[in-house]
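Quick notes on the structure that follows.
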Amino acid sequence: MTHPPKSSAAPPQAGPALPAVPPQPGPPVPAPASPTPAPRRTAFAEGAERLRAAATTEPGRLRIIGAVLALLVVAFGAVTAWQTSERAAAADDVLHRSQPLSSGAAGIYRSLADANTAASSGFLAGGQESAASRDRYEKDIRAAAGGLVTAAANAEPGSSSEATIARLNRLLPEYKGLIERARTYNRQGYPVGGAYLRYANEKMQQEMLPAAEDLYTKENQRLDADYADATPYPWAAIALGVLALAALGWAQHRTYRRTNRVLNHGLVAGTAATTVVLLWLVVGHAVARTELNGSYDHGIRSLKVLHDARIASLKARGNENLSLVARGAETVTVGGQTYDAYYYDFDKDMNVLGRGLTEAAGLADDQAGTAPVAAARGNMAVWKKRHATARGEDENGNYQQALDLVIGGKGATGACFDSVDSNLARAIDHEQTEFRQAAGSGLDAMTGLTLGAAVLAVLGAAGAVAGIGRRLSEYR
């Protein structure tokens with residue numbers, strides 16, 4: 001076997017190494033982009049999502065229903081407690097604060113006017129002023145000062161009532177000083193005493209009594225505002241109560257359809273508690289409103305008319321006395337005719353008194369209220385006749401006879417005035433009693449409603465939650 005011949009050629013030699021070619025720079029390769037994080041949902045969105053998820057299951061729906069029922073019942077109780085508390089507080093103010101202050105303001109006016117009348121009566125008696133007249137004046141001044149102290153203690157700081165009270169407190173000593181000067185000169189027989197008395201009367205009529213009347217008006221406005229706060233229906237609470245009852249009824253009907261069970265004890269307890277609160281609210285407030293309106297119609301309105309009539313009688317008596325003090329020195333021209341100023345004002349005051357007694361008789365609703373008003377009307381009629389006689393004597397120059405008919409004993413106009421005043425005081429006391437009874441009944445009708453509504457609402461909410469919890473236990 002022959003083999004191929006071996007080549008004698010040398011193996012090829014490697015050539016010289018070539019230098020390495022550096023890589024050429026190219027465009028940068030972008031790094032792989034990281035995934036963008038999803039926006040974070042808010043707590044509200046997450047809660048809504050959980051709520052939607054829960055609502056797809058019966059246990060979730062039951063939990064939502066239980067929460068809504070509890071919220072409705074508690075809200076009903078809270079609003080009921082709030083509204084009844086405000087109305088009860090206003091009714092309490094009517095009974096124990098604003099009405100007594102209104103009567104107190106009328107008492108201040110009456111005391112000031114009566115003090116002025118007593119001072120003029122004492123002056124007409126000359127240097128022999130009676131002890132009874134002096135005591136009456138001093139008693140009226142003390143009553144007015146005490147009334148101002150009470151009014152100041154109850155006035156709102158910075159209010160116009162407070163400013164009016166401060167003004168009266170400043171004017172009262174000035175008036176007393178003028179009266180004392182008039183008395184001093186009158187005892188000495190100096191005619192200047194009459195001038196001081198007229199100046200004191202002018203201060204009373206033009207400054208003090210208008211200020212007292214303004215205070216009386218403001219207190220009446222305050223009383224009306226308290227009535228306005230005490231009597232409106234609590235519509236918000238009533239609406240929530242009806243809504244809560246409707247929701248509880250719907251929940252029980254839903255339970256019955258799904259379980260065929262007629263009663264759910266918890267829901268029935270919640271419904272019963274809510275029903276009791278709603279009925280208590282409606283009936284209690286209706287009774288309170290009726291009684292408070294009655295106390296206004298048959299108490300406050302009559303009291304206002306009677307106070308005005310009493311003030312008119314006091315002013316008439318003061319003008320009657322001052323007509324004899326001035327003896328024609330003060331005149332007024334009306335329609336081209338000149339009249340004695342005090343006689344002219346007396347006639348106006350008697351007209352006001354007559355209209356007031358007629359209105360008071362129409363407002364009185366029982367014999368105890370009409371009897372003193374009727375008696376006062378009879379006294380006024382006699383007063384007018386005696387006054388006409390006294391005026392005739394005065395105009396004919398018979399001053400002493402006129403004076404005896406005004407400040408004398410039996411048969412004088414002073415006795416008629418005293419009878420009118422005492423009968424009006426009886427009528428006012430009766431109407432005051434009627435007011436207190438009616439307003440007290442109105443306040444009593446709301447007693448306990450605030451606390452009772454809150455407690456029953458909590459119990460009702462607990463019952464509703466327990467009833468729903470009983471259904472939830474069936475899924476465990």
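Residue numbering restarts at 1 in every chain; chains get A, B, ... in the order shown in the structure tokens, and ligands count up from 1 in that same order.
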
Could you give me, as a PyMOL selection string, each residue of range 331-383 of chain A that DSSP assigns to alpha helix (DSSP H) when run on this structure's backbone?
chain A and resi 341-363+367-383

Excluding same-chain residues fewer than 6 positions from Thr271 in chain A, what lies within 7 Å of it counting only C-alpha atoms, as JSON, numbers by chain?
{"A": [245, 248, 460]}

What gap, in Å, lies between CA of Ala288 in chain A and CA of Ser441 in chain A?
7.0 Å

Nearby residues (only C-alpha atoms) at most 12 Å from Arg134 in chain A, same-chain spacing under 4 positions excluded, as a ChimeraX atom specification:
/A:114-123,125,128-130,138-141,179-180,183

Neighbouring residues of Leu456 in chain A were defined as those with any atom within 8 Å, considering only C-alpha atoms; residues of the same chain fewer than 5 positions away were excluded. Please report them as a PyMOL selection string.
chain A and resi 77+273-274+277

Write out as a PyMOL selection string which residues come within 9 Å of Thr164 in chain A when counting only C-alpha atoms, dropping same-chain ones fewer than 6 positions away.
chain A and resi 211-212+214-215

Using only C-alpha atoms, which protein or nucleic acid residues come within 12 Å of Val192 in chain A? Drop anything in the same chain fewer than 3 positions from it, and give the result as a count of residues only.
17

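With only C-alpha atoms as the atoms that count, the minimum distance from Tyr343 in chain A to the choices A:Leu62, A:Leu357, A:Ala415, A:Leu324 is reached by A:Leu324.
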
Mind dumping a table of every range 51-136 of chain A residue within 9 Å of range 293-307 of chain A, with the nearest atom pair and its distance in Å to one decimal, using only C-alpha atoms, sorted by chain and rising number, as a Markdown table?
| residue | atom | partner | partner_atom | distance |
| --- | --- | --- | --- | --- |
| A:Gln99 | CA | A:Ile300 | CA | 8.2 |
| A:Ser103 | CA | A:Leu303 | CA | 8.4 |
| A:Ala106 | CA | A:His307 | CA | 6.6 |
| A:Gly107 | CA | A:His307 | CA | 8.6 |
| A:Arg110 | CA | A:His307 | CA | 8.4 |

Leaving out range 66-72 of chain A and any residue of its chain fewer than 3 positions from it, which residues lie within 12 Å of it when counting only C-alpha atoms, given as a PyMOL selection string?
chain A and resi 59-63+75-79+237+239-252+266-267+270-271+274+457-472

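One finds CA of Leu292 in chain A at 6.4 Å from CA of Ala438 in chain A.
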
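Put simply, CA of Tyr190 in chain A is 25.5 Å away from CA of Leu171 in chain A.
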
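Considering only C-alpha atoms, the residue among A:Asp93, A:Glu434, A:Asp444, A:Glu207 positioned nearest to Val287 in chain A is A:Asp444.
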
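When only C-alpha atoms are used to compute distances to Thr84 in chain A, the closest of the residues A:Arg52, A:Arg142, A:Arg289, A:Lys218 turns out to be A:Arg289.
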